[in-house]
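Structure file target10.cif; described as mmCIF, C-alpha atoms.
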```cif
data_entry
loop_
_atom_site.group_PDB
_atom_site.id
_atom_site.type_symbol
_atom_site.label_atom_id
_atom_site.label_comp_id
_atom_site.auth_asym_id
_atom_site.auth_seq_id
_atom_site.Cartn_x
_atom_site.Cartn_y
_atom_site.Cartn_z
ATOM 1 C CA MET J 172 177.991 135.815 123.885
ATOM 2 C CA LEU J 173 180.160 133.081 122.528
ATOM 3 C CA LYS J 174 178.992 129.841 121.044
ATOM 4 C CA MET J 175 180.678 126.617 122.003
ATOM 5 C CA HIS J 176 182.654 126.376 118.772
ATOM 6 C CA ASN J 177 183.913 129.945 119.191
ATOM 7 C CA LYS J 178 185.107 129.062 122.674
ATOM 8 C CA ILE J 179 187.007 126.055 121.349
ATOM 9 C CA GLU J 180 188.538 128.166 118.573
ATOM 10 C CA PHE J 181 189.537 130.804 121.124
ATOM 11 C CA LEU J 182 191.252 128.199 123.310
ATOM 12 C CA CYS J 183 193.103 126.835 120.287
ATOM 13 C CA LYS J 184 194.196 130.327 119.307
ATOM 14 C CA GLN J 185 195.474 130.978 122.820
ATOM 15 C CA GLN J 186 197.531 127.776 122.695
ATOM 16 C CA GLY J 187 198.727 128.421 119.154
ATOM 17 C CA ILE J 188 197.263 125.195 117.793
ATOM 18 C CA LYS J 189 194.783 124.222 115.114
ATOM 19 C CA ILE J 190 191.544 122.407 115.831
ATOM 20 C CA ALA J 191 192.915 119.372 113.965
ATOM 21 C CA GLN J 192 195.747 119.140 116.488
ATOM 22 C CA LEU J 193 193.293 119.417 119.391
ATOM 23 C CA CYS J 194 191.196 116.614 117.913
ATOM 24 C CA LYS J 195 194.174 114.347 117.352
ATOM 25 C CA GLU J 196 195.739 114.912 120.769
ATOM 26 C CA ALA J 197 192.457 114.833 122.708
ATOM 27 C CA GLY J 198 191.086 111.822 120.825
ATOM 28 C CA ILE J 199 188.105 113.589 119.278
ATOM 29 C CA PRO J 200 186.930 112.958 115.711
ATOM 30 C CA LYS J 201 187.419 116.060 113.548
ATOM 31 C CA SER J 202 183.886 115.582 112.266
ATOM 32 C CA THR J 203 182.553 116.225 115.775
ATOM 33 C CA ILE J 204 183.975 119.747 115.832
ATOM 34 C CA SER J 205 183.099 120.286 112.170
ATOM 35 C CA ASP J 206 179.466 119.364 112.857
ATOM 36 C CA LEU J 207 179.429 121.837 115.730
ATOM 37 C CA LYS J 208 180.950 124.604 113.591
ATOM 38 C CA ASN J 209 178.519 124.043 110.737
ATOM 39 C CA GLY J 210 175.450 123.860 112.980
ATOM 40 C CA ARG J 211 174.733 120.198 112.343
ATOM 41 C CA THR J 212 174.912 119.777 116.105
ATOM 42 C CA LYS J 213 174.291 122.390 118.791
ATOM 43 C CA THR J 214 176.345 120.878 121.590
ATOM 44 C CA LEU J 215 178.866 118.185 122.372
ATOM 45 C CA SER J 216 178.564 115.183 124.616
ATOM 46 C CA THR J 217 179.783 115.536 128.185
ATOM 47 C CA GLN J 218 182.503 113.002 127.407
ATOM 48 C CA THR J 219 183.796 115.081 124.489
ATOM 49 C CA LEU J 220 183.584 118.296 126.487
ATOM 50 C CA LYS J 221 185.557 116.675 129.303
ATOM 51 C CA LYS J 222 188.292 115.731 126.834
ATOM 52 C CA ILE J 223 188.470 119.297 125.539
ATOM 53 C CA ALA J 224 188.299 120.819 129.024
ATOM 54 C CA ASN J 225 191.060 118.524 130.242
ATOM 55 C CA TYR J 226 193.173 119.267 127.191
ATOM 56 C CA PHE J 227 192.983 123.020 127.826
ATOM 57 C CA ASN J 228 192.854 122.756 131.613
ATOM 58 C CA VAL J 229 189.540 124.618 131.883
ATOM 59 C CA SER J 230 186.378 123.700 133.750
ATOM 60 C CA LEU J 231 183.310 122.273 132.055
ATOM 61 C CA ASP J 232 181.515 125.471 133.104
ATOM 62 C CA TYR J 233 183.559 127.290 130.466
ATOM 63 C CA PHE J 234 181.415 125.577 127.831
ATOM 64 C CA ASP J 235 178.067 126.076 129.602
ATOM 65 C CA ASN J 236 175.771 127.708 127.042
ATOM 66 C CA THR J 237 172.989 128.314 129.560
ATOM 67 C CA ASN J 238 175.226 130.782 131.370
ATOM 68 C CA ASP J 239 177.087 132.167 128.385
ATOM 69 C CA LEU J 240 178.533 135.292 129.994
ATOM 70 C CA VAL J 241 182.115 134.620 128.990
ATOM 71 C CA ASP J 242 183.206 136.876 126.203
ATOM 72 C CA ILE J 243 186.493 137.254 124.388
ATOM 73 C CA LYS J 244 187.498 140.403 126.278
ATOM 74 C CA LYS J 245 187.137 138.647 129.639
ATOM 75 C CA ASP J 246 189.114 135.692 128.318
ATOM 76 C CA GLU J 247 191.849 137.952 127.000
ATOM 77 C CA LEU J 248 192.066 139.761 130.343
ATOM 78 C CA PHE J 249 192.326 136.424 132.127
ATOM 79 C CA GLU J 250 195.100 135.336 129.768
ATOM 80 C CA LYS J 251 197.014 138.555 130.392
ATOM 81 C CA ARG J 252 196.743 138.063 134.153
ATOM 82 C CA LYS J 253 197.858 134.464 133.767
ATOM 83 C CA LEU J 254 200.820 135.570 131.664
ATOM 84 C CA LEU J 255 201.839 138.108 134.308
ATOM 85 C CA PHE J 256 201.580 135.436 136.988
ATOM 86 C CA ASP J 257 203.547 132.902 134.930
ATOM 87 C CA MET J 258 206.261 135.450 134.235
ATOM 88 C CA SER J 259 206.485 136.316 137.928
ATOM 89 C CA LYS J 260 207.566 132.752 138.698
ATOM 90 C CA LYS J 261 210.931 133.540 137.117
ATOM 91 C CA ALA J 262 211.473 136.744 139.095
ATOM 92 C CA ASN J 263 213.499 137.081 142.260
ATOM 93 C CA GLU J 264 212.161 138.852 145.351
ATOM 94 C CA GLU J 265 213.596 142.239 144.403
ATOM 95 C CA GLN J 266 212.094 142.042 140.915
ATOM 96 C CA LEU J 267 208.713 141.025 142.331
ATOM 97 C CA ASP J 268 208.763 143.974 144.722
ATOM 98 C CA ALA J 269 209.471 146.298 141.785
ATOM 99 C CA VAL J 270 206.633 144.827 139.717
ATOM 100 C CA ILE J 271 204.223 145.066 142.652
ATOM 101 C CA SER J 272 205.202 148.700 143.154
ATOM 102 C CA VAL J 273 204.586 149.507 139.479
ATOM 103 C CA VAL J 274 201.228 147.714 139.410
ATOM 104 C CA LYS J 275 200.126 149.467 142.607
ATOM 105 C CA SER J 276 201.017 152.849 141.139
ATOM 106 C CA ILE J 277 199.078 152.078 137.957
ATOM 107 C CA VAL J 278 195.912 150.778 139.615
ATOM 108 C CA GLY J 279 196.087 153.231 142.511
ATOM 109 C CA ASN J 280 196.297 150.617 145.244
ATOM 110 C CA ASN J 281 198.701 151.669 147.973
ATOM 111 C CA ASP J 282 197.809 148.984 150.519
#
```

Could you spell out this file's structure in structure tokens?
Amino acid sequence: MLKMHNKIEFLCKQQGIKIAQLCKEAGIPKSTISDLKNGRTKTLSTQTLKKIANYFNVSLDYFDNTNDLVDIKKDELFEKRKLLFDMSKKANEEQLDAVISVVKSIVGNND
């Protein structure tokens, strides 16, 4: 299970930014995230979480600690799928057909 601070760090890592940059661009005091990291606070206000969620384009549910089933492996798999989708936007129809054929052969889906 991931704690809220770990989730924020993971999102920063995925975007290639530091927490300081997140704080500056999202309008969050650095001390807020520092307090969370160091255990001086256990959670963030809804307003702060909304700023972070909006910044990273994730839902507030991502930070829900009562249903903390998100782990790094699931997040990494999601990011890989997103990358594949984003890359496919640049492909023409013939290239997409080739990629679909390869993926089907790998996963064993011949539908």

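Of the residues under consideration (J:Ala224, J:Ile271, J:Met175, J:Leu215), J:Ala224 shows the shortest atom-to-atom contact distance to Leu193 of chain J when counting all atoms listed in the file.
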
Point-to-point distance from atom CA of Asp235 of chain J to atom CA of Thr217 of chain J, Å rounded to tenths: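 Here the two named atoms are 10.8 Å from each other.
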
Target residues per the PyMOL selection byres ((chain J and resi 176-182) around 10), formatted as an MDAnalysis selection string: chainID J and resid 172:175 183:190 193 204:210 213:215 220 223:224 226:227 229 233:234 241:243 246:247

d(atom CA of Leu255 of chain J, atom CA of Asn225 of chain J) in Å: 22.7 Å

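Taking atom CA of Val270 of chain J and atom CA of Arg252 of chain J as endpoints, the distance between them is 13.2 Å.
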
Around all the atoms of segment 261-272 of chain J listed in the file, with 3 Å of room on each side, what axis-aligned box do you get, giving centre and edge lengths in Å to one decimal, as lines of an AutoDock Vina configuration file?
```
center_x = 208.9
center_y = 141.1
center_z = 141.2
size_x = 15.4
size_y = 21.2
size_z = 14.2
```
